[in-house]
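Visitor: Sharing final39.pdb here; it has PDB, C-alpha atoms.
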```
ATOM      1  CA  THR Q 580       6.172 -71.488  15.888
ATOM      2  CA  LEU Q 581       8.347 -69.396  18.112
ATOM      3  CA  ARG Q 582       7.471 -65.736  18.707
ATOM      4  CA  VAL Q 583      10.474 -63.703  19.792
ATOM      5  CA  SER Q 584       9.997 -60.183  21.086
ATOM      6  CA  ARG Q 585      11.896 -57.571  23.009
ATOM      7  CA  GLY Q 586      11.180 -53.936  23.796
ATOM      8  CA  GLY Q 587      12.567 -51.683  21.095
ATOM      9  CA  TYR Q 588      12.878 -54.529  18.551
ATOM     10  CA  VAL Q 589      10.657 -55.902  15.768
ATOM     11  CA  THR Q 590       8.811 -59.060  16.869
ATOM     12  CA  ARG Q 591       9.594 -62.210  14.798
ATOM     13  CA  ASP Q 592       7.629 -65.467  14.323
ATOM     14  CA  ILE Q 593       9.883 -68.454  13.415
ATOM     15  CA  ALA Q 594       8.680 -71.939  12.425
ATOM     16  CA  VAL Q 595      10.695 -74.773  14.064
ATOM     17  CA  ARG Q 596      10.259 -78.551  13.490
ATOM     18  CA  LEU Q 597      11.044 -80.725  16.537
ATOM     19  CA  ASP Q 598      11.159 -84.514  16.879
ATOM     20  CA  ALA Q 599      10.177 -86.262  20.095
ATOM     21  CA  GLY Q 600      12.885 -85.855  22.744
ATOM     22  CA  GLN Q 601      14.926 -83.522  20.522
ATOM     23  CA  THR Q 602      16.668 -80.400  21.807
ATOM     24  CA  ALA Q 603      17.124 -77.785  19.078
ATOM     25  CA  THR Q 604      19.409 -74.806  18.959
ATOM     26  CA  GLN Q 605      18.221 -71.752  16.993
ATOM     27  CA  ASN Q 606      20.038 -68.451  16.464
ATOM     28  CA  ILE Q 607      17.576 -65.617  16.009
ATOM     29  CA  ALA Q 608      18.487 -62.063  14.987
ATOM     30  CA  LEU Q 609      16.149 -59.250  15.978
ATOM     31  CA  THR Q 610      16.014 -55.906  14.193
ATOM     32  CA  ARG Q 611      15.908 -52.742  16.250
ATOM     33  CA  ARG Q 612      12.657 -50.895  15.801
ATOM     34  CA  ALA Q 613      12.985 -47.526  14.087
ATOM     35  CA  ALA Q 614      12.579 -44.584  16.433
ATOM     36  CA  THR Q 615       9.186 -42.895  16.303
ATOM     37  CA  PRO Q 616       9.725 -39.344  15.022
ATOM     38  CA  THR Q 617       8.660 -36.568  17.341
ATOM     39  CA  PRO Q 618       5.719 -34.711  15.790
ATOM     40  CA  THR Q 619       6.608 -31.229  14.562
ATOM     41  CA  ARG Q 620       4.285 -28.616  15.950
ATOM     42  CA  THR Q 621       3.718 -25.389  14.047
ATOM     43  CA  PRO Q 622       3.987 -22.496  16.487
ATOM     44  CA  VAL Q 623       0.682 -20.686  16.995
ATOM     45  CA  PRO Q 624       1.153 -16.908  16.614
ATOM     46  CA  ALA Q 625       0.455 -14.936  19.766
ATOM     47  CA  PRO Q 626      -2.952 -13.239  19.559
ATOM     48  CA  ALA Q 627      -3.189  -9.507  18.964
ATOM     49  CA  SER Q 628      -5.278  -6.967  20.846
ATOM     50  CA  ILE Q 629      -7.061  -3.784  19.831
ATOM     51  CA  ALA Q 630      -7.464  -0.655  21.963
ATOM     52  CA  GLY Q 631      -9.384   1.778  19.771
ATOM     53  CA  THR Q 632     -11.269   5.047  19.937
ATOM     54  CA  VAL Q 633     -14.425   6.159  18.113
ATOM     55  CA  VAL Q 634     -15.369   9.808  17.645
ATOM     56  CA  GLN Q 635     -18.268  11.712  16.103
ATOM     57  CA  ALA Q 636     -17.201  13.030  12.682
ATOM     58  CA  THR Q 637     -19.336  16.151  12.991
ATOM     59  CA  THR Q 638     -17.721  17.360  16.229
ATOM     60  CA  GLY Q 639     -14.659  15.213  16.944
ATOM     61  CA  ALA Q 640     -16.143  14.355  20.355
ATOM     62  CA  ALA Q 641     -15.959  10.842  21.829
ATOM     63  CA  LEU Q 642     -18.813   8.576  20.757
ATOM     64  CA  ALA Q 643     -20.254   6.119  23.287
ATOM     65  CA  GLN Q 644     -22.449   3.063  22.714
ATOM     66  CA  VAL Q 645     -20.762   2.036  19.471
ATOM     67  CA  ARG Q 646     -20.757  -1.732  18.957
ATOM     68  CA  VAL Q 647     -17.377  -2.875  17.630
ATOM     69  CA  CYS Q 648     -17.011  -6.457  16.376
ATOM     70  CA  VAL Q 649     -14.283  -8.443  14.628
ATOM     71  CA  VAL Q 650     -16.059  -9.636  11.477
ATOM     72  CA  GLY Q 651     -16.460 -13.419  11.332
ATOM     73  CA  THR Q 652     -16.002 -13.891  15.078
ATOM     74  CA  SER Q 653     -17.972 -13.385  18.278
ATOM     75  CA  THR Q 654     -15.374 -10.940  19.619
ATOM     76  CA  CYS Q 655     -17.169  -7.651  20.292
ATOM     77  CA  ALA Q 656     -17.027  -4.640  22.603
ATOM     78  CA  THR Q 657     -18.992  -1.433  23.201
ATOM     79  CA  THR Q 658     -17.384   1.982  23.468
ATOM     80  CA  ALA Q 659     -17.448   3.709  26.841
ATOM     81  CA  ALA Q 660     -18.270   7.369  27.486
ATOM     82  CA  ASN Q 661     -14.747   8.312  26.362
ATOM     83  CA  GLY Q 662     -15.255   6.510  23.036
ATOM     84  CA  GLN Q 663     -12.715   3.832  23.868
ATOM     85  CA  TYR Q 664     -12.986   0.045  23.597
ATOM     86  CA  THR Q 665     -10.706  -2.967  23.985
ATOM     87  CA  LEU Q 666     -10.722  -6.291  22.142
ATOM     88  CA  GLY Q 667      -8.417  -9.102  23.264
ATOM     89  CA  GLY Q 668      -7.439 -12.480  21.846
ATOM     90  CA  VAL Q 669      -7.754 -11.424  18.204
ATOM     91  CA  ALA Q 670      -6.005 -13.753  15.753
ATOM     92  CA  ALA Q 671      -3.127 -12.128  13.868
ATOM     93  CA  GLY Q 672      -3.553 -11.399  10.156
ATOM     94  CA  SER Q 673      -5.947  -9.350   8.056
ATOM     95  CA  ARG Q 674      -9.056  -8.513  10.057
ATOM     96  CA  THR Q 675     -12.049  -6.185   9.693
ATOM     97  CA  LEU Q 676     -13.770  -4.283  12.473
ATOM     98  CA  ARG Q 677     -17.451  -3.475  11.973
ATOM     99  CA  LEU Q 678     -18.716  -0.420  13.855
ATOM    100  CA  THR Q 679     -22.457   0.073  14.328
ATOM    101  CA  ARG Q 680     -24.550   2.562  16.301
ATOM    102  CA  ALA Q 681     -28.186   3.590  16.121
ATOM    103  CA  GLY Q 682     -28.695   6.573  13.828
ATOM    104  CA  HIS Q 683     -25.217   6.286  12.297
ATOM    105  CA  ALA Q 684     -23.838   4.789   9.112
ATOM    106  CA  ALA Q 685     -22.101   1.452   9.687
ATOM    107  CA  LEU Q 686     -18.337   1.507   9.193
ATOM    108  CA  ASP Q 687     -15.945  -1.316   8.293
ATOM    109  CA  VAL Q 688     -12.322  -0.748   9.316
ATOM    110  CA  PRO Q 689      -9.682  -3.064   7.784
ATOM    111  CA  LEU Q 690      -6.652  -3.892   9.935
ATOM    112  CA  VAL Q 691      -3.507  -5.989   9.506
ATOM    113  CA  LEU Q 692      -2.495  -7.327  12.921
ATOM    114  CA  GLY Q 693       0.898  -8.752  13.782
ATOM    115  CA  ALA Q 694       1.383 -11.502  16.352
ATOM    116  CA  GLY Q 695       1.225  -9.996  19.808
ATOM    117  CA  GLN Q 696       0.549  -6.509  18.421
ATOM    118  CA  ARG Q 697      -1.615  -3.968  20.243
ATOM    119  CA  ALA Q 698      -3.363  -1.900  17.567
ATOM    120  CA  THR Q 699      -4.820   1.528  18.383
ATOM    121  CA  PRO Q 700      -7.185   2.524  15.551
ATOM    122  CA  ARG Q 701      -9.099   5.806  15.685
ATOM    123  CA  SER Q 702     -12.372   5.882  13.767
ATOM    124  CA  ALA Q 703     -14.970   8.551  13.016
ATOM    125  CA  MET Q 704     -18.660   7.822  12.445
ATOM    126  CA  VAL Q 705     -21.244   9.982  10.658
ATOM    127  CA  PRO Q 706     -25.018  10.268  11.067
ATOM    128  CA  ALA Q 707     -26.727   8.002   8.541
ATOM    129  CA  PRO Q 708     -27.307  10.109   5.386
ATOM    130  CA  ALA Q 709     -30.845  10.588   4.096
ATOM    131  CA  ASP Q 710     -31.758  10.286   0.429
ATOM    132  CA  GLY Q 711     -29.894  12.921  -1.590
ATOM    133  CA  GLU Q 712     -27.246  13.549   1.059
ATOM    134  CA  LEU Q 713     -23.492  12.953   0.865
ATOM    135  CA  ARG Q 714     -21.113  12.881   3.829
ATOM    136  CA  ILE Q 715     -17.335  12.782   3.512
ATOM    137  CA  VAL Q 716     -14.865  12.117   6.349
ATOM    138  CA  LEU Q 717     -11.108  12.741   6.261
ATOM    139  CA  SER Q 718      -8.958  11.164   9.007
ATOM    140  CA  TRP Q 719      -5.191  10.844   9.380
ATOM    141  CA  GLY Q 720      -2.339  10.344  11.842
ATOM    142  CA  ALA Q 721      -0.361  13.035  13.647
ATOM    143  CA  PRO Q 722       1.874  13.886  10.657
ATOM    144  CA  PRO Q 723       1.181  15.795   8.465
ATOM    145  CA  VAL Q 724      -0.353  18.072  11.096
ATOM    146  CA  ASP Q 725      -2.681  20.026   8.795
ATOM    147  CA  LEU Q 726      -4.603  18.467   5.900
ATOM    148  CA  ASP Q 727      -7.477  20.339   4.249
ATOM    149  CA  SER Q 728     -10.676  19.026   2.655
ATOM    150  CA  TYR Q 729     -11.801  20.398  -0.722
ATOM    151  CA  LEU Q 730     -15.065  19.553  -2.492
ATOM    152  CA  TRP Q 731     -16.082  20.847  -5.914
ATOM    153  CA  VAL Q 732     -19.856  20.611  -6.492
ATOM    154  CA  PRO Q 733     -21.816  21.480  -9.653
ATOM    155  CA  GLN Q 734     -23.318  24.968  -9.703
ATOM    156  CA  GLY Q 735     -24.877  26.363 -12.879
ATOM    157  CA  THR Q 736     -22.435  25.922 -15.747
ATOM    158  CA  GLY Q 737     -19.458  25.665 -13.389
ATOM    159  CA  THR Q 738     -18.547  24.443  -9.920
ATOM    160  CA  TYR Q 739     -18.451  25.775  -6.378
ATOM    161  CA  ARG Q 740     -15.433  24.942  -4.223
ATOM    162  CA  VAL Q 741     -16.120  24.100  -0.564
ATOM    163  CA  GLU Q 742     -12.899  24.580   1.442
ATOM    164  CA  PRO Q 743     -11.586  26.077   4.685
ATOM    165  CA  GLY Q 744     -11.609  29.560   3.130
ATOM    166  CA  GLN Q 745     -15.225  29.327   1.899
ATOM    167  CA  ARG Q 746     -17.086  26.745   3.859
ATOM    168  CA  GLY Q 747     -20.295  26.756   1.788
ATOM    169  CA  SER Q 748     -23.956  27.007   2.751
ATOM    170  CA  LEU Q 749     -26.978  24.824   3.439
ATOM    171  CA  ALA Q 750     -29.432  27.719   3.007
ATOM    172  CA  GLY Q 751     -29.083  27.548  -0.781
ATOM    173  CA  LEU Q 752     -26.499  26.630  -3.417
ATOM    174  CA  PRO Q 753     -24.099  24.909  -3.131
ATOM    175  CA  TRP Q 754     -26.123  22.995  -0.471
ATOM    176  CA  ALA Q 755     -22.780  21.846   0.952
ATOM    177  CA  VAL Q 756     -20.611  22.849   3.923
ATOM    178  CA  LEU Q 757     -17.314  21.999   5.552
ATOM    179  CA  VAL Q 758     -18.810  21.057   8.917
ATOM    180  CA  ARG Q 759     -15.569  20.460  10.784
ATOM    181  CA  GLU Q 760     -11.982  21.504  10.082
ATOM    182  CA  ASP Q 761      -8.943  20.206  11.964
ATOM    183  CA  ASN Q 762      -5.415  21.616  11.858
ATOM    184  CA  ASP Q 763      -3.610  19.818  14.677
ATOM    185  CA  GLY Q 764      -3.460  16.251  13.405
ATOM    186  CA  TYR Q 765      -5.721  13.182  13.292
ATOM    187  CA  GLY Q 766      -8.908  14.931  12.155
ATOM    188  CA  PRO Q 767     -11.606  14.154  11.464
ATOM    189  CA  GLU Q 768     -12.688  16.729   8.905
ATOM    190  CA  HIS Q 769     -16.286  16.388   7.792
ATOM    191  CA  THR Q 770     -17.905  17.710   4.612
ATOM    192  CA  TYR Q 771     -21.688  17.509   4.285
ATOM    193  CA  VAL Q 772     -23.848  17.840   1.162
ATOM    194  CA  SER Q 773     -27.544  18.203   2.006
ATOM    195  CA  ARG Q 774     -28.735  18.161  -1.631
ATOM    196  CA  VAL Q 775     -26.609  16.312  -4.151
ATOM    197  CA  GLN Q 776     -26.731  18.106  -7.507
ATOM    198  CA  GLY Q 777     -26.748  16.388 -10.884
ATOM    199  CA  GLY Q 778     -23.339  16.157 -12.512
ATOM    200  CA  ARG Q 779     -19.965  15.330 -11.054
ATOM    201  CA  SER Q 780     -18.567  16.376  -7.684
ATOM    202  CA  THR Q 781     -14.853  15.980  -6.926
ATOM    203  CA  PHE Q 782     -13.226  15.559  -3.512
ATOM    204  CA  ALA Q 783      -9.528  16.262  -2.889
ATOM    205  CA  VAL Q 784      -7.153  16.807   0.038
ATOM    206  CA  PHE Q 785      -4.455  19.493   0.251
ATOM    207  CA  ASN Q 786      -1.338  19.113   2.408
ATOM    208  CA  TRP Q 787      -1.310  22.576   3.969
ATOM    209  CA  SER Q 788       1.552  21.614   6.304
ATOM    210  CA  ALA Q 789       3.848  20.928   3.330
ATOM    211  CA  HIS Q 790       2.702  24.175   1.700
ATOM    212  CA  GLU Q 791       3.810  26.163   4.755
ATOM    213  CA  ARG Q 792       6.861  24.054   5.592
ATOM    214  CA  PRO Q 793       8.388  22.082   2.677
ATOM    215  CA  SER Q 794      10.146  19.806   5.177
ATOM    216  CA  SER Q 795       6.793  18.573   6.532
ATOM    217  CA  PRO Q 796       5.874  14.908   5.951
ATOM    218  CA  PRO Q 797       4.283  14.183   2.566
ATOM    219  CA  LEU Q 798       0.810  12.854   1.844
ATOM    220  CA  ALA Q 799       2.332   9.700   0.339
ATOM    221  CA  GLY Q 800       2.541   6.999   2.976
ATOM    222  CA  SER Q 801       0.724   9.139   5.564
ATOM    223  CA  GLY Q 802      -2.094   6.620   5.977
ATOM    224  CA  ALA Q 803      -4.679   9.400   5.546
ATOM    225  CA  VAL Q 804      -8.142   7.934   4.888
ATOM    226  CA  VAL Q 805     -11.233   9.358   3.178
ATOM    227  CA  GLU Q 806     -14.658   7.702   3.475
ATOM    228  CA  GLY Q 807     -17.690   8.683   1.434
ATOM    229  CA  TYR Q 808     -21.295   7.917   2.472
ATOM    230  CA  ASP Q 809     -24.699   8.392   0.879
ATOM    231  CA  GLN Q 810     -28.149   6.991   1.661
ATOM    232  CA  ARG Q 811     -26.864   3.486   0.855
ATOM    233  CA  GLY Q 812     -24.124   3.675   3.468
ATOM    234  CA  LEU Q 813     -20.353   3.597   2.977
ATOM    235  CA  ARG Q 814     -19.748   3.938  -0.761
ATOM    236  CA  GLY Q 815     -15.984   4.156  -0.820
ATOM    237  CA  ARG Q 816     -12.864   4.171   1.357
ATOM    238  CA  CYS Q 817      -9.595   5.512  -0.042
ATOM    239  CA  VAL Q 818      -6.172   5.475   1.599
ATOM    240  CA  ALA Q 819      -3.529   7.963   0.467
ATOM    241  CA  PRO Q 820      -1.095   6.360  -2.007
ATOM    242  CA  ALA Q 821       1.951   4.747  -0.437
ATOM    243  CA  SER Q 822       4.296   6.464  -2.906
ATOM    244  CA  GLY Q 823       4.341   9.455  -5.213
ATOM    245  CA  THR Q 824       4.792  13.205  -4.880
ATOM    246  CA  GLY Q 825       2.472  16.158  -4.642
ATOM    247  CA  LYS Q 826       0.611  18.327  -2.155
ATOM    248  CA  TRP Q 827      -2.756  17.530  -3.775
ATOM    249  CA  TRP Q 828      -4.493  14.180  -3.369
ATOM    250  CA  THR Q 829      -7.452  13.791  -5.721
ATOM    251  CA  VAL Q 830      -9.536  11.190  -3.928
ATOM    252  CA  PHE Q 831     -12.771  10.499  -5.837
ATOM    253  CA  HIS Q 832     -15.545  11.684  -8.151
ATOM    254  CA  TYR Q 833     -19.216  11.373  -7.212
ATOM    255  CA  MET Q 834     -21.898  11.378  -9.917
ATOM    256  CA  GLY Q 835     -25.087  12.916  -8.569
ATOM    257  CA  SER Q 836     -27.325  11.533 -11.315
ATOM    258  CA  SER Q 837     -26.331   7.898 -10.777
ATOM    259  CA  ARG Q 838     -25.194   8.120  -7.123
ATOM    260  CA  THR Q 839     -21.901   6.417  -7.983
ATOM    261  CA  LEU Q 840     -18.529   7.037  -6.331
ATOM    262  CA  THR Q 841     -15.402   6.456  -8.422
ATOM    263  CA  ALA Q 842     -11.976   6.397  -6.772
ATOM    264  CA  VAL Q 843      -9.184   8.449  -8.400
ATOM    265  CA  ASN Q 844      -6.530   8.229  -5.651
ATOM    266  CA  THR Q 845      -3.688  10.141  -7.306
ATOM    267  CA  LEU Q 846      -1.111  12.670  -6.073
ATOM    268  CA  SER Q 847       0.039  15.784  -7.923
ATOM    269  CA  ASN Q 848       1.170  19.355  -7.361
ATOM    270  CA  THR Q 849      -1.731  20.720  -9.372
ATOM    271  CA  ARG Q 850      -5.149  21.482  -7.956
ATOM    272  CA  PRO Q 851      -7.643  19.150  -9.673
ATOM    273  CA  LEU Q 852     -10.107  21.952 -10.544
ATOM    274  CA  PRO Q 853     -10.086  25.778 -10.442
TER     275      PRO Q 853
END
```
Represent the structure contained in this file as structure tokens.

Guide:
Amino acid sequence: TLRVSRGGYVTRDIAVRLDAGQTATQNIALTRRAATPTPTRTPVPAPASIAGTVVQATTGAALAQVRVCVVGTSTCATTAANGQYTLGGVAAGSRTLRLTRAGHAALDVPLVLGAGQRATPRSAMVPAPADGELRIVLSWGAPPVDLDSYLWVPQGTGTYRVEPGQRGSLAGLPWAVLVREDNDGYGPEHTYVSRVQGGRSTFAVFNWSAHERPSSPPLAGSGAVVEGYDQRGLRGRCVAPASGTGKWWTVFHYMGSSRTLTAVNTLSNTRPLP
């Protein structure tokens, strides 16, 4: 048996019969070996980074010592005295930041990160509510400049409206106040209920900027966010609808008897309640 081989060709074994003293001639054809394909490598998206800020919802001041972690990873940071933190090497895609601090309600912040993007989220944290309390936080970007928080709470056979013009009271009914108002963009605005009443409360947001100047940016697509907390923590997070018209954004209802928050998340030009 003859074995014939050459680099780049398929090796062949050929059986040959030879008699004593015989010289044989054999023509052998070799087949060129097929080229090995170069492996295709899927490009790995460049990691994103996050440079965020955390503030206290009650005052708007920077909040230090907040632990910020990318959920499902070991990537974490702690806010400095100016409330800022930085996270590097975060995989692109849908991610969630979990913010925790002693004495405060935990907050989950969803993000969609592009490859190589540097995200700059701004978050507001509230003191952890006690039993029977409700805390509501409104945050938004620079435009619209002035958004206003409105909360209707049960009172007798009707409702009491907590708003910038009548900020409520904690000394008696309605047991609710607009703790912080903001009229220069970003927020946060913070509404606090110290004693949740039975019945239904309704929270809405009014685009005061568009009321004063019709050319102002609309609520739709503004990215404005409302978060509602009770003694069980974050109960709901609503983002302003991406489309639609109206200066009023009805965000959610909260049932005091069952402690349930139900998102409404609709825009209109009509105030939801008197």

Visitor: Could you expand the PyMOL selection byres ((chain Q and resi 610-613) around 7) into the explicit residues it covers here, written as a CSV table (one decimal) with C-alpha atoms, in the coordinates of the input?

Guide:
```csv
chain,number,residue,atom,x,y,z
Q,587,GLY,CA,12.6,-51.7,21.1
Q,588,TYR,CA,12.9,-54.5,18.6
Q,589,VAL,CA,10.7,-55.9,15.8
Q,608,ALA,CA,18.5,-62.1,15.0
Q,609,LEU,CA,16.1,-59.2,16.0
Q,614,ALA,CA,12.6,-44.6,16.4
Q,615,THR,CA,9.2,-42.9,16.3
```

Visitor: Using only C-alpha atoms, which residue out of Q:Gly835, Q:Gly668, Q:Pro700, Q:Gly720 lies closest to Arg779 (chain Q)?

Guide: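 Selected residue with least distance to Arg779 (chain Q): Q:Gly835.
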
Visitor: Quick one: of Q:Leu581, Q:Leu752, Q:Leu846, Q:Leu813, who's nearest to Ala594 (chain Q), counting all atoms listed in the file?

Guide: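 Using all atoms listed in the file, the shortest distance to Ala594 (chain Q) belongs to Q:Leu581.
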
Visitor: Under the PyMOL selection byres ((chain Q and resi 630) around 9), which residues of this model are included? Write them out as a ChimeraX atom specification.

Guide: /Q:628-629,631-632,663-667,697-700

Visitor: Translate the PyMOL selection byres ((chain Q and resi 730) around 7), as applied to the file shown, into an explicit residue set as a PyMOL selection string.

Guide: chain Q and resi 728-729+731-732+740-742+781-783

Visitor: Quick one: axis-aligned box around all listed atoms of region 603-621 of chain Q, 4 Å on every side, centre and edge lengths in Å to one decimal, written as JSON.

Guide:
```
{"center_x": 11.9, "center_y": -51.6, "center_z": 16.6, "size_x": 24.3, "size_y": 60.4, "size_z": 13.0}
```

Visitor: Take CA of Gly639 (chain Q) and CA of Arg714 (chain Q) and report the distance between them in Å, one decimal.

Guide: 14.8 Å

Visitor: Looking at Q:Gly711, Q:Gly751, Q:Gly766, Q:Gly778, which one is nearest to Thr736 (chain Q), with distances taken over all atoms listed in the file?

Guide: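 Selected residue with least distance to Thr736 (chain Q): Q:Gly778.
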
Visitor: Measuring between all atoms listed in the file, which one of Q:Ala721, Q:Ala660, Q:Ala684, Q:Val623 shows the shortest distance to Ala707 (chain Q)?

Guide: Q:Ala684

Visitor: Please, what distance in Å, to one decimal, runs between CA of Thr637 (chain Q) and CA of Val716 (chain Q)?

Guide: 9.0 Å

Visitor: Mind completing region 639-654 of chain Q with N, CA, C and O atoms? Output as a short mmCIF file (atom, residue, chain, number, x, y, z; two decimals), keeping the file's coordinate frame, please?

Guide:
```
data_model
loop_
_atom_site.label_atom_id
_atom_site.label_comp_id
_atom_site.auth_asym_id
_atom_site.auth_seq_id
_atom_site.Cartn_x
_atom_site.Cartn_y
_atom_site.Cartn_z
N GLY Q 639 -15.92 15.73 16.43
CA GLY Q 639 -14.66 15.21 16.94
C GLY Q 639 -14.76 14.71 18.37
O GLY Q 639 -13.76 14.26 18.94
N ALA Q 640 -15.96 14.79 18.96
CA ALA Q 640 -16.14 14.36 20.36
C ALA Q 640 -16.22 12.83 20.43
O ALA Q 640 -16.60 12.15 19.47
N ALA Q 641 -15.88 12.28 21.60
CA ALA Q 641 -15.96 10.84 21.83
C ALA Q 641 -17.39 10.35 21.61
O ALA Q 641 -18.36 11.05 21.92
N LEU Q 642 -17.50 9.14 21.06
CA LEU Q 642 -18.81 8.58 20.76
C LEU Q 642 -19.00 7.28 21.55
O LEU Q 642 -18.30 6.29 21.33
N ALA Q 643 -19.96 7.30 22.46
CA ALA Q 643 -20.25 6.12 23.29
C ALA Q 643 -21.29 5.23 22.61
O ALA Q 643 -21.94 5.62 21.64
N GLN Q 644 -21.43 4.02 23.15
CA GLN Q 644 -22.45 3.06 22.71
C GLN Q 644 -22.29 2.63 21.25
O GLN Q 644 -23.27 2.35 20.57
N VAL Q 645 -21.05 2.59 20.80
CA VAL Q 645 -20.76 2.04 19.47
C VAL Q 645 -20.41 0.56 19.65
O VAL Q 645 -19.55 0.22 20.47
N ARG Q 646 -21.06 -0.30 18.91
CA ARG Q 646 -20.76 -1.73 18.96
C ARG Q 646 -19.64 -2.01 17.96
O ARG Q 646 -19.75 -1.69 16.77
N VAL Q 647 -18.55 -2.58 18.46
CA VAL Q 647 -17.38 -2.88 17.63
C VAL Q 647 -17.15 -4.38 17.64
O VAL Q 647 -16.95 -4.97 18.71
N CYS Q 648 -17.17 -5.00 16.46
CA CYS Q 648 -17.01 -6.46 16.38
C CYS Q 648 -15.95 -6.81 15.34
O CYS Q 648 -15.82 -6.13 14.31
N VAL Q 649 -15.20 -7.88 15.61
CA VAL Q 649 -14.28 -8.44 14.63
C VAL Q 649 -15.12 -9.31 13.70
O VAL Q 649 -15.71 -10.31 14.14
N VAL Q 650 -15.20 -8.94 12.43
CA VAL Q 650 -16.06 -9.64 11.48
C VAL Q 650 -15.67 -11.11 11.40
O VAL Q 650 -14.49 -11.47 11.34
N GLY Q 651 -16.69 -11.99 11.43
CA GLY Q 651 -16.46 -13.42 11.33
C GLY Q 651 -16.17 -14.09 12.66
O GLY Q 651 -15.88 -15.29 12.70
N THR Q 652 -16.24 -13.33 13.75
CA THR Q 652 -16.00 -13.89 15.08
C THR Q 652 -17.09 -13.38 16.02
O THR Q 652 -17.92 -12.56 15.66
N SER Q 653 -17.05 -13.86 17.25
CA SER Q 653 -17.97 -13.38 18.28
C SER Q 653 -17.30 -12.37 19.20
O SER Q 653 -17.85 -12.01 20.24
N THR Q 654 -16.12 -11.90 18.81
CA THR Q 654 -15.37 -10.94 19.62
C THR Q 654 -15.92 -9.54 19.39
O THR Q 654 -15.80 -8.99 18.28
#
```
